[in-house]
Amino acid sequence: MKRWLTLPTLCWCVFAIGLYGLLQLLIEIGVISVVWQITLANIGINVILAVSLNLILGISGQFSLGHAAFMGIGAYAGGIVLKMLPGYTGMLLGALAGLLISALAALVIAVPTLRLRGDYLAIATLGFGEIIRIIINNMKITNGAAGLSNIPAVANLTVIYFTIVLTLIIVCNFKNSAPGRACISIKEDEIASEAMGIPTTRYKVIAFVLGAMLASLAGVLYASSFYVIKPTYFAFAQSINILVIVVFGGMGSMTGSVVAALVLGVINYLLQSLPNERMIVYAVAIILIMVFRPKGLMGNFELSFARLKSLQDIKALPALWKDKILAVLARLKNKRQKEDA
Amino acid sequence: MSILEIRQLTKNFGGIAAVVDVDMVVEKGDLVGLIGPNGAGKTTLFNLITGVYAPTSGEIVFTPYNKAILLSGKKPWWITRQGFARTFQNIRLFKELSVLDNVRIAMHKDIKYGVFSSILRLPAYYKEEDRVFTKALELLDIVGLKEKQAELAKNLPYGQQRRLEIARALATDPTVLFLDEPAAGMNPQETADLTRLIGELRQRFGLTIILIEHDMSLVMNLCERIYVLDYGRLIAKGSPDEIKNNQKVIEAYLGEEV
């Protein structure tokens, strides 16, 4: 028997394909306009970026402020290859080049800096992010500060959607395995982790490199969705944007990263006509999250079908939800009665 | 044959000599107690042996079989992989993780699949996960925490957290087990249970155990040989009875006669 063919996995497949079908349907009947499609593409790319940073920050607990640089590497690798070779082959080759270069860059950065802790690591990764941006700024093949334009638009929502699915599968499979647990233990308590025989530096490097590679995938998608890329797009500010999504959604929760990217993306879109007020609303949203949910929107919560063991369980779900809702209502009622008394 | 030999081990923190010229020989299967007043350097000695600190001078040699391994100056994870495991004086569990995960993480060294197998969910992943799961439950059963496997470590009562730390240390498949104040904060009943548990574990896994403890009922009941540290120096060693009547030890604990 194939061990991965379980009910939860099937549920996920149905969920992923169903969501994709719904998306396509809404586009077909015109509910999702072209502008919304662009917004969704942007949100999708942010989801990949946030999930990849969450792997570094939320799972292995390493504070990286240079994540946009890896996106930049992917974007430029994708852009350059795509301009030479338009089409899906070009995008695949570009993605491959981006993966390779970002993995190498991440390795070079990780080995010396991941010995640092906390603030020092943040500063070091920030510096390395800037170094990569400046290198891109001064290379001929990247067309310097002017950036690349007229990149063939190959990526569409379908490509982005399935890259998100792929990213989530990779990161969640990693999280629920021995190497993933080793990374989580480093975040929890590095000294205890090392005392339990886990080579901490090695696992920090693995998480960092994997996160950087996934970020470069997002970069490739970015380049082939938005025609134009410039070095300034991949500066410190973009790293902060990604960081905000991860913190907003909850460190360590992939569900949180997806939801946060969606929520912040929609807020961003709705306030597009008010560019100045937008930053205020954005800031207020983050402050509210920090005050009321310091562990992020989702905390440690992860959407999971693992509790479903058989088909009976699915049938029992509506009743279960009903019970839960009733319990919450009863609790609220109790509280109100207590307050009245 | 001696399994662990410490020669002239010294550790200075700036001007403070925390451990000075300590010599220790531990035989295979021994149950050794390490006692001394507060600040005597007991935990520092543990940290030196398990690699948290690098010694200023001296050697630590571990001979699990016939081949001697030099441990001084090596990384903690490497030392653990040679067959050392420890618990911590101030409990250091992975608090936000489940009891089961705490044990599974410690079994890392003998997991035979890597990042690729875990991402692609190759057969090796399932095979190893099953094995790890079964073994982790066995260990939890031994320390009496099998029913609590899904509980977060931080939600366990204090005594059970101490037991979980022992289970986690055992999960690394050690030859020598270091327990840093395993009975700290326990009531007499819990201490008695723990004393029995340590004895059982030693029999069952053929362990050599070295423990730091202030609770003399545990030390005197359990340990065959006791080392006494004071101000970083070894002031006495011997059987419980010898230690009880040793003039230097009494002075270290109660002060000199005027």
# chains A, B, ... in the order shown; residues from 1 in each chain; ligands from 1
>>> residues_around(residues="A:Ala283", least_positions_apart="3", cutoff="12 Å", atoms="only C-alpha atoms", output="number ranges by chain")
A: 241, 244, 248, 264, 267-268, 276-280, 286-290
>>> residues_around(residues="stretch 100-105 of chain B", least_positions_apart="3", cutoff="10 Å", atoms="only C-alpha atoms", output="compact mmCIF listing (two decimals) with N, CA, C and O atoms, in the first residue's frame")
# COMPACT_ATOMS: atom_id res chain seq x y z
N SER A 177 9.09 16.23 9.76
CA SER A 177 10.04 15.14 9.57
C SER A 177 11.17 15.34 10.57
O SER A 177 11.20 16.35 11.26
N ALA A 178 12.08 14.37 10.63
CA ALA A 178 13.17 14.48 11.60
C ALA A 178 14.02 15.74 11.38
O ALA A 178 14.30 16.45 12.33
N PRO A 179 14.43 16.06 10.14
CA PRO A 179 15.21 17.30 9.96
C PRO A 179 14.40 18.54 10.38
O PRO A 179 14.96 19.45 11.00
N GLY A 180 13.09 18.53 10.09
CA GLY A 180 12.26 19.66 10.49
C GLY A 180 12.17 19.78 12.00
O GLY A 180 12.28 20.86 12.56
N ARG A 181 11.98 18.63 12.66
CA ARG A 181 11.91 18.65 14.12
C ARG A 181 13.23 19.15 14.71
O ARG A 181 13.23 19.88 15.70
N ALA A 182 14.34 18.74 14.08
CA ALA A 182 15.64 19.21 14.55
C ALA A 182 15.70 20.73 14.47
O ALA A 182 16.15 21.39 15.41
N CYS A 183 15.20 21.30 13.36
CA CYS A 183 15.20 22.76 13.21
C CYS A 183 14.33 23.42 14.27
O CYS A 183 14.72 24.43 14.86
N ILE A 184 13.16 22.84 14.52
CA ILE A 184 12.26 23.44 15.52
C ILE A 184 12.92 23.40 16.90
O ILE A 184 12.81 24.34 17.68
N SER A 185 13.63 22.31 17.18
CA SER A 185 14.27 22.21 18.49
C SER A 185 15.35 23.29 18.65
O SER A 185 15.58 23.77 19.76
N SER A 193 19.13 21.43 22.32
CA SER A 193 19.14 20.78 21.02
C SER A 193 20.51 20.18 20.72
O SER A 193 20.63 19.03 20.29
N MET A 196 21.31 17.17 22.65
CA MET A 196 20.61 15.96 22.21
C MET A 196 21.21 15.40 20.92
O MET A 196 20.60 14.58 20.24
N GLY A 197 22.37 15.89 20.56
CA GLY A 197 23.09 15.31 19.43
C GLY A 197 22.72 15.89 18.08
O GLY A 197 22.98 15.27 17.05
N ILE A 198 22.13 17.08 18.06
CA ILE A 198 21.76 17.67 16.78
C ILE A 198 22.82 18.69 16.36
O ILE A 198 23.09 19.65 17.10
N LEU B 93 13.53 21.60 28.58
CA LEU B 93 12.76 20.85 27.59
C LEU B 93 12.44 21.77 26.42
O LEU B 93 12.59 22.98 26.52
N PHE B 94 11.98 21.17 25.31
CA PHE B 94 11.45 21.99 24.22
C PHE B 94 9.99 22.27 24.58
O PHE B 94 9.09 21.51 24.26
N LYS B 95 9.78 23.39 25.26
CA LYS B 95 8.52 23.63 25.97
C LYS B 95 7.30 23.66 25.09
O LYS B 95 6.24 23.19 25.48
N GLU B 96 7.43 24.23 23.90
CA GLU B 96 6.25 24.40 23.04
C GLU B 96 5.95 23.15 22.22
O GLU B 96 5.05 23.15 21.40
N LEU B 97 6.74 22.10 22.40
CA LEU B 97 6.53 20.89 21.61
C LEU B 97 5.90 19.81 22.49
O LEU B 97 5.98 19.86 23.72
N HIS B 108 17.53 11.78 17.10
CA HIS B 108 17.99 12.24 15.79
C HIS B 108 19.19 11.48 15.25
O HIS B 108 19.28 11.23 14.06
N LYS B 109 20.11 11.11 16.14
CA LYS B 109 21.38 10.59 15.62
C LYS B 109 21.22 9.25 14.90
O LYS B 109 22.00 8.95 14.01
N ILE B 111 18.56 8.33 13.03
CA ILE B 111 17.54 8.37 11.98
C ILE B 111 18.23 8.27 10.62
O ILE B 111 19.17 9.00 10.33
N GLU B 129 10.07 6.70 10.51
CA GLU B 129 9.12 7.38 11.41
C GLU B 129 8.37 6.37 12.28
O GLU B 129 8.16 6.60 13.46
N VAL B 132 10.84 5.15 14.96
CA VAL B 132 11.08 6.19 15.94
C VAL B 132 9.87 6.34 16.86
O VAL B 132 9.99 6.46 18.07
N PHE B 133 8.67 6.30 16.26
CA PHE B 133 7.45 6.44 17.03
C PHE B 133 7.33 5.33 18.07
O PHE B 133 7.09 5.58 19.26
N THR B 134 7.56 4.09 17.63
CA THR B 134 7.43 2.97 18.55
C THR B 134 8.45 3.07 19.68
O THR B 134 8.12 2.88 20.85
N LYS B 135 9.69 3.40 19.32
CA LYS B 135 10.73 3.46 20.34
C LYS B 135 10.48 4.61 21.32
O LYS B 135 10.68 4.46 22.53
N ALA B 136 9.99 5.73 20.79
CA ALA B 136 9.71 6.87 21.66
C ALA B 136 8.62 6.52 22.66
O ALA B 136 8.73 6.84 23.85
N LEU B 137 7.59 5.81 22.19
CA LEU B 137 6.52 5.41 23.10
C LEU B 137 7.04 4.45 24.17
O LEU B 137 6.65 4.52 25.33
N LEU B 139 10.03 4.38 25.46
CA LEU B 139 10.77 5.16 26.45
C LEU B 139 9.81 5.93 27.35
O LEU B 139 10.01 5.99 28.57
N LEU B 140 8.76 6.49 26.76
CA LEU B 140 7.79 7.24 27.56
C LEU B 140 7.08 6.31 28.54
O LEU B 140 6.77 6.69 29.66
N LEU B 145 5.11 8.17 31.16
CA LEU B 145 4.48 9.34 30.55
C LEU B 145 3.79 9.00 29.23
O LEU B 145 3.50 9.86 28.43
N LYS B 146 3.51 7.69 29.03
CA LYS B 146 2.95 7.29 27.75
C LYS B 146 1.61 7.96 27.48
O LYS B 146 1.31 8.36 26.36
N LYS B 148 0.71 10.80 28.33
CA LYS B 148 0.84 12.24 28.16
C LYS B 148 1.50 12.61 26.84
O LYS B 148 1.92 13.75 26.67
N GLN B 149 1.61 11.65 25.92
CA GLN B 149 2.44 11.88 24.73
C GLN B 149 2.05 13.12 23.92
O GLN B 149 2.90 13.77 23.33
N ALA B 150 0.75 13.45 23.89
CA ALA B 150 0.31 14.56 23.05
C ALA B 150 0.35 15.89 23.78
O ALA B 150 0.18 16.95 23.18
N GLU B 151 0.61 15.85 25.08
CA GLU B 151 0.63 17.06 25.90
C GLU B 151 1.84 17.94 25.54
O GLU B 151 2.89 17.42 25.18
N LEU B 152 1.69 19.25 25.64
CA LEU B 152 2.85 20.12 25.47
C LEU B 152 3.74 19.99 26.70
O LEU B 152 3.24 19.92 27.83
N ALA B 153 5.05 19.99 26.47
CA ALA B 153 5.98 19.77 27.58
C ALA B 153 5.80 20.80 28.68
O ALA B 153 5.91 20.47 29.86
N LEU B 164 10.53 13.49 31.95
CA LEU B 164 10.61 13.63 30.50
C LEU B 164 12.04 13.95 30.07
O LEU B 164 12.53 13.44 29.07
N GLU B 165 12.71 14.78 30.88
CA GLU B 165 14.10 15.08 30.55
C GLU B 165 14.94 13.81 30.56
O GLU B 165 15.82 13.62 29.72
N ILE B 166 14.67 12.92 31.51
CA ILE B 166 15.41 11.67 31.56
C ILE B 166 15.09 10.81 30.33
O ILE B 166 15.98 10.26 29.69
N ALA B 167 13.78 10.75 29.97
CA ALA B 167 13.39 9.97 28.79
C ALA B 167 14.07 10.53 27.54
O ALA B 167 14.55 9.79 26.69
N ARG B 168 14.14 11.85 27.47
CA ARG B 168 14.75 12.48 26.30
C ARG B 168 16.25 12.15 26.24
O ARG B 168 16.79 11.87 25.17
N ALA B 169 16.89 12.18 27.41
CA ALA B 169 18.31 11.84 27.43
C ALA B 169 18.51 10.38 27.01
O ALA B 169 19.43 10.06 26.24
N LEU B 170 17.62 9.49 27.47
CA LEU B 170 17.74 8.07 27.11
C LEU B 170 17.54 7.86 25.62
O LEU B 170 18.10 6.93 25.02
N ALA B 171 16.75 8.72 25.00
CA ALA B 171 16.45 8.56 23.58
C ALA B 171 17.69 8.72 22.71
O ALA B 171 17.73 8.25 21.57
N THR B 172 18.73 9.38 23.24
CA THR B 172 19.95 9.52 22.45
C THR B 172 20.77 8.24 22.49
O THR B 172 21.86 8.19 21.94
>>> interface_residues(of="chain A", to="chain B", cutoff="12 Å", atoms="only C-alpha atoms", output="MDAnalysis selection string")
chainID A and resid 1:5 166:203 206:207 209:210 252 299:300
>>> atom_distance(atom1="atom CA of A:Phe292", atom2="atom CA of A:Ile45")
27.6 Å
>>> residues_around(residues="stretch 24-27 of chain B", least_positions_apart="2", cutoff="7 Å", atoms="only C-alpha atoms", output="list of chain:residue names")
B:Met1, B:Ser2, B:Ile3, B:Leu4, B:Glu5, B:Ile6, B:Arg7, B:Val22, B:Gly29, B:Asp30
>>> write_last_selection(atoms="all heavy atoms", output="compact mmCIF listing (two decimals), in the first residue's frame")
# COMPACT_ATOMS: atom_id res chain seq x y z
N MET B 1 37.57 -2.06 33.55
CA MET B 1 38.19 -1.06 32.66
C MET B 1 37.46 0.27 32.80
O MET B 1 36.24 0.31 32.85
CB MET B 1 38.10 -1.56 31.22
CG MET B 1 39.06 -0.85 30.32
SD MET B 1 38.81 -1.38 28.61
CE MET B 1 37.46 -0.37 28.14
N SER B 2 38.21 1.35 32.84
CA SER B 2 37.55 2.64 33.02
C SER B 2 36.95 3.13 31.72
O SER B 2 37.54 3.03 30.65
CB SER B 2 38.56 3.67 33.53
OG SER B 2 39.55 3.89 32.56
N ILE B 3 35.72 3.64 31.84
CA ILE B 3 35.00 4.08 30.65
C ILE B 3 35.22 5.58 30.43
O ILE B 3 35.23 6.06 29.31
CB ILE B 3 33.49 3.76 30.80
CG1 ILE B 3 32.78 3.93 29.47
CG2 ILE B 3 32.82 4.58 31.87
CD1 ILE B 3 31.42 3.29 29.47
N LEU B 4 35.43 6.29 31.53
CA LEU B 4 35.62 7.74 31.43
C LEU B 4 36.78 8.14 32.32
O LEU B 4 36.83 7.77 33.49
CB LEU B 4 34.34 8.46 31.88
CG LEU B 4 34.40 9.98 31.92
CD1 LEU B 4 34.58 10.56 30.54
CD2 LEU B 4 33.15 10.55 32.58
N GLU B 5 37.71 8.85 31.74
CA GLU B 5 38.86 9.29 32.51
C GLU B 5 39.07 10.78 32.33
O GLU B 5 39.15 11.26 31.20
CB GLU B 5 40.10 8.51 32.06
CG GLU B 5 41.06 8.29 33.19
CD GLU B 5 42.30 7.53 32.75
OE1 GLU B 5 42.18 6.68 31.85
OE2 GLU B 5 43.37 7.84 33.28
N ILE B 6 39.10 11.50 33.44
CA ILE B 6 39.31 12.94 33.39
C ILE B 6 40.65 13.22 34.02
O ILE B 6 40.93 12.78 35.13
CB ILE B 6 38.18 13.66 34.16
CG1 ILE B 6 36.86 13.42 33.43
CG2 ILE B 6 38.46 15.14 34.27
CD1 ILE B 6 35.66 13.87 34.23
N ARG B 7 41.49 13.93 33.25
CA ARG B 7 42.85 14.17 33.76
C ARG B 7 43.12 15.66 33.89
O ARG B 7 43.05 16.38 32.91
CB ARG B 7 43.88 13.58 32.78
CG ARG B 7 43.79 12.08 32.64
CD ARG B 7 44.88 11.57 31.71
NE ARG B 7 44.51 10.26 31.19
CZ ARG B 7 44.46 9.96 29.90
NH1 ARG B 7 44.79 10.86 28.99
NH2 ARG B 7 44.11 8.75 29.51
N VAL B 22 40.92 18.68 38.25
CA VAL B 22 40.08 17.57 38.69
C VAL B 22 40.48 16.28 37.97
O VAL B 22 40.64 16.27 36.75
CB VAL B 22 38.59 17.88 38.44
CG1 VAL B 22 37.74 16.65 38.65
CG2 VAL B 22 38.13 19.01 39.37
N GLY B 29 29.53 0.88 34.19
CA GLY B 29 28.45 0.42 35.06
C GLY B 29 28.39 1.09 36.41
O GLY B 29 27.51 0.81 37.20
N ASP B 30 29.33 1.99 36.67
CA ASP B 30 29.33 2.70 37.94
C ASP B 30 28.12 3.61 38.08
O ASP B 30 27.56 4.06 37.10
CB ASP B 30 30.57 3.60 38.02
CG ASP B 30 31.71 2.91 38.75
OD1 ASP B 30 31.51 1.75 39.15
OD2 ASP B 30 32.77 3.53 38.91
>>> residues_around(residues="A:Ser225", least_positions_apart="6", cutoff="10 Å", atoms="only C-alpha atoms", output="mmCIF file with N, CA, C and O atoms, in the first residue's frame")
data_model
loop_
_atom_site.group_PDB
_atom_site.id
_atom_site.type_symbol
_atom_site.label_atom_id
_atom_site.label_comp_id
_atom_site.auth_asym_id
_atom_site.auth_seq_id
_atom_site.Cartn_x
_atom_site.Cartn_y
_atom_site.Cartn_z
ATOM 1 N N ILE A 38 -4.236 40.565 -11.199
ATOM 2 C CA ILE A 38 -2.864 41.034 -10.942
ATOM 3 C C ILE A 38 -2.599 41.050 -9.442
ATOM 4 O O ILE A 38 -1.547 40.612 -8.964
ATOM 5 N N ALA A 41 -2.010 37.587 -8.309
ATOM 6 C CA ALA A 41 -0.664 37.124 -8.673
ATOM 7 C C ALA A 41 0.344 37.638 -7.657
ATOM 8 O O ALA A 41 1.210 36.899 -7.178
ATOM 9 N N ASN A 42 0.198 38.919 -7.314
ATOM 10 C CA ASN A 42 1.094 39.524 -6.338
ATOM 11 C C ASN A 42 0.984 38.832 -4.983
ATOM 12 O O ASN A 42 1.979 38.499 -4.329
ATOM 13 N N ILE A 45 2.649 35.436 -5.061
ATOM 14 C CA ILE A 45 4.111 35.524 -4.947
ATOM 15 C C ILE A 45 4.499 35.817 -3.502
ATOM 16 O O ILE A 45 5.447 35.238 -2.960
ATOM 17 N N ILE A 151 10.317 41.721 -20.105
ATOM 18 C CA ILE A 151 10.469 40.284 -19.852
ATOM 19 C C ILE A 151 9.188 39.601 -20.315
ATOM 20 O O ILE A 151 8.095 40.057 -19.973
ATOM 21 N N PRO A 152 9.302 38.540 -21.124
ATOM 22 C CA PRO A 152 8.087 37.878 -21.592
ATOM 23 C C PRO A 152 7.235 37.400 -20.416
ATOM 24 O O PRO A 152 7.759 36.792 -19.478
ATOM 25 N N ALA A 153 5.953 37.684 -20.461
ATOM 26 C CA ALA A 153 5.067 37.281 -19.369
ATOM 27 C C ALA A 153 4.610 35.852 -19.613
ATOM 28 O O ALA A 153 3.722 35.595 -20.410
ATOM 29 N N VAL A 154 5.264 34.926 -18.945
ATOM 30 C CA VAL A 154 4.937 33.512 -19.126
ATOM 31 C C VAL A 154 4.085 33.009 -17.973
ATOM 32 O O VAL A 154 3.155 32.241 -18.146
ATOM 33 N N ALA A 155 4.443 33.493 -16.764
ATOM 34 C CA ALA A 155 3.714 33.011 -15.586
ATOM 35 C C ALA A 155 2.290 33.544 -15.605
ATOM 36 O O ALA A 155 2.058 34.694 -15.947
ATOM 37 N N ASN A 156 1.355 32.683 -15.273
ATOM 38 C CA ASN A 156 -0.014 33.137 -15.081
ATOM 39 C C ASN A 156 -0.491 32.619 -13.736
ATOM 40 O O ASN A 156 0.285 32.006 -12.988
ATOM 41 N N LEU A 157 -1.737 32.857 -13.427
ATOM 42 C CA LEU A 157 -2.230 32.454 -12.108
ATOM 43 C C LEU A 157 -2.091 30.949 -11.873
ATOM 44 O O LEU A 157 -1.796 30.518 -10.764
ATOM 45 N N ILE A 160 1.457 30.203 -10.898
ATOM 46 C CA ILE A 160 1.704 30.699 -9.538
ATOM 47 C C ILE A 160 0.998 29.809 -8.510
ATOM 48 O O ILE A 160 1.591 29.413 -7.508
ATOM 49 N N GLY A 219 10.851 34.811 -7.022
ATOM 50 C CA GLY A 219 11.462 35.849 -7.858
ATOM 51 C C GLY A 219 11.246 35.581 -9.340
ATOM 52 O O GLY A 219 10.894 36.489 -10.108
#
>>> select_by_dssp(residues="stretch 20-194 of chain B", states="strand (DSSP E)", output="mmCIF file with N, CA and C atoms, in the first residue's frame")
data_model
loop_
_atom_site.group_PDB
_atom_site.id
_atom_site.type_symbol
_atom_site.label_atom_id
_atom_site.label_comp_id
_atom_site.auth_asym_id
_atom_site.auth_seq_id
_atom_site.Cartn_x
_atom_site.Cartn_y
_atom_site.Cartn_z
ATOM 1 N N VAL B 20 39.349 23.139 39.106
ATOM 2 C CA VAL B 20 40.810 23.146 39.176
ATOM 3 C C VAL B 20 41.343 21.724 39.286
ATOM 4 N N ASP B 21 42.148 21.334 38.328
ATOM 5 C CA ASP B 21 42.896 20.067 38.377
ATOM 6 C C ASP B 21 42.067 18.886 38.849
ATOM 7 N N VAL B 22 40.923 18.677 38.255
ATOM 8 C CA VAL B 22 40.082 17.572 38.693
ATOM 9 C C VAL B 22 40.484 16.284 37.973
ATOM 10 N N ASP B 23 40.708 15.241 38.738
ATOM 11 C CA ASP B 23 40.968 13.918 38.181
ATOM 12 C C ASP B 23 39.818 13.016 38.567
ATOM 13 N N MET B 24 39.342 12.235 37.616
ATOM 14 C CA MET B 24 38.216 11.359 37.931
ATOM 15 C C MET B 24 38.342 10.121 37.066
ATOM 16 N N VAL B 25 38.074 8.954 37.630
ATOM 17 C CA VAL B 25 38.040 7.736 36.836
ATOM 18 C C VAL B 25 36.714 7.041 37.101
ATOM 19 N N VAL B 26 35.962 6.788 36.034
ATOM 20 C CA VAL B 26 34.666 6.133 36.194
ATOM 21 C C VAL B 26 34.715 4.786 35.499
ATOM 22 N N GLU B 27 34.330 3.741 36.232
ATOM 23 C CA GLU B 27 34.323 2.395 35.648
ATOM 24 C C GLU B 27 32.997 2.158 34.939
ATOM 25 N N LEU B 31 27.768 3.865 39.342
ATOM 26 C CA LEU B 31 26.796 4.920 39.601
ATOM 27 C C LEU B 31 27.481 5.902 40.535
ATOM 28 N N VAL B 32 27.910 7.010 39.970
ATOM 29 C CA VAL B 32 28.769 7.934 40.688
ATOM 30 C C VAL B 32 27.985 9.171 41.080
ATOM 31 N N GLY B 33 28.156 9.607 42.317
ATOM 32 C CA GLY B 33 27.522 10.845 42.760
ATOM 33 C C GLY B 33 28.547 11.958 42.814
ATOM 34 N N LEU B 34 28.101 13.148 42.454
ATOM 35 C CA LEU B 34 28.986 14.309 42.514
ATOM 36 C C LEU B 34 28.295 15.308 43.413
ATOM 37 N N ILE B 35 28.906 15.579 44.584
ATOM 38 C CA ILE B 35 28.245 16.497 45.506
ATOM 39 C C ILE B 35 29.183 17.625 45.875
ATOM 40 N N SER B 57 42.396 23.662 30.401
ATOM 41 C CA SER B 57 43.433 22.646 30.196
ATOM 42 C C SER B 57 42.933 21.316 30.721
ATOM 43 N N GLY B 58 43.632 20.264 30.389
ATOM 44 C CA GLY B 58 43.234 18.939 30.846
ATOM 45 C C GLY B 58 42.585 18.138 29.743
ATOM 46 N N GLU B 59 42.354 16.860 30.044
ATOM 47 C CA GLU B 59 41.835 15.955 29.031
ATOM 48 C C GLU B 59 40.641 15.175 29.544
ATOM 49 N N ILE B 60 39.736 14.861 28.616
ATOM 50 C CA ILE B 60 38.617 13.972 28.938
ATOM 51 C C ILE B 60 38.688 12.826 27.939
ATOM 52 N N VAL B 61 38.837 11.619 28.425
ATOM 53 C CA VAL B 61 38.952 10.483 27.519
ATOM 54 C C VAL B 61 37.824 9.501 27.792
ATOM 55 N N PHE B 62 37.166 9.115 26.719
ATOM 56 C CA PHE B 62 36.007 8.236 26.809
ATOM 57 C C PHE B 62 36.365 6.936 26.107
ATOM 58 N N ILE B 69 38.503 7.671 22.991
ATOM 59 C CA ILE B 69 38.116 8.858 22.220
ATOM 60 C C ILE B 69 38.393 10.082 23.082
ATOM 61 N N LEU B 70 39.092 11.039 22.527
ATOM 62 C CA LEU B 70 39.357 12.282 23.243
ATOM 63 C C LEU B 70 38.166 13.221 23.080
ATOM 64 N N PHE B 84 27.123 10.078 25.147
ATOM 65 C CA PHE B 84 26.888 10.812 26.383
ATOM 66 C C PHE B 84 25.512 11.445 26.311
ATOM 67 N N ALA B 85 24.787 11.431 27.395
ATOM 68 C CA ALA B 85 23.525 12.159 27.402
ATOM 69 C C ALA B 85 23.384 12.845 28.738
ATOM 70 N N ARG B 86 22.630 13.933 28.764
ATOM 71 C CA ARG B 86 22.535 14.673 30.014
ATOM 72 C C ARG B 86 21.147 15.249 30.217
ATOM 73 N N VAL B 176 26.801 6.619 28.799
ATOM 74 C CA VAL B 176 26.962 7.301 30.075
ATOM 75 C C VAL B 176 25.873 8.356 30.184
ATOM 76 N N LEU B 177 25.188 8.357 31.336
ATOM 77 C CA LEU B 177 24.099 9.308 31.536
ATOM 78 C C LEU B 177 24.481 10.283 32.645
ATOM 79 N N PHE B 178 24.366 11.571 32.352
ATOM 80 C CA PHE B 178 24.672 12.612 33.336
ATOM 81 C C PHE B 178 23.367 13.238 33.798
ATOM 82 N N LEU B 179 23.098 13.155 35.104
ATOM 83 C CA LEU B 179 21.874 13.746 35.641
ATOM 84 C C LEU B 179 22.250 14.913 36.549
ATOM 85 N N ASP B 180 21.781 16.104 36.184
ATOM 86 C CA ASP B 180 22.108 17.284 36.976
ATOM 87 C C ASP B 180 20.932 17.598 37.904
#
>>> select_by_dssp(residues="stretch 194-244 of chain A", states="alpha helix (DSSP H)", output="PyMOL selection string")
chain A and resi 194-195+200-226+236-244
>>> closest_residue(among="A:Met298, A:Ala212, A:Ile48, A:Val266", to="A:Leu107", atoms="only C-alpha atoms")
A:Ala212
>>> closest_residue(among="A:Leu99, A:Ile29, A:Leu93, A:Val205", to="A:Ile56", atoms="only C-alpha atoms")
A:Val205
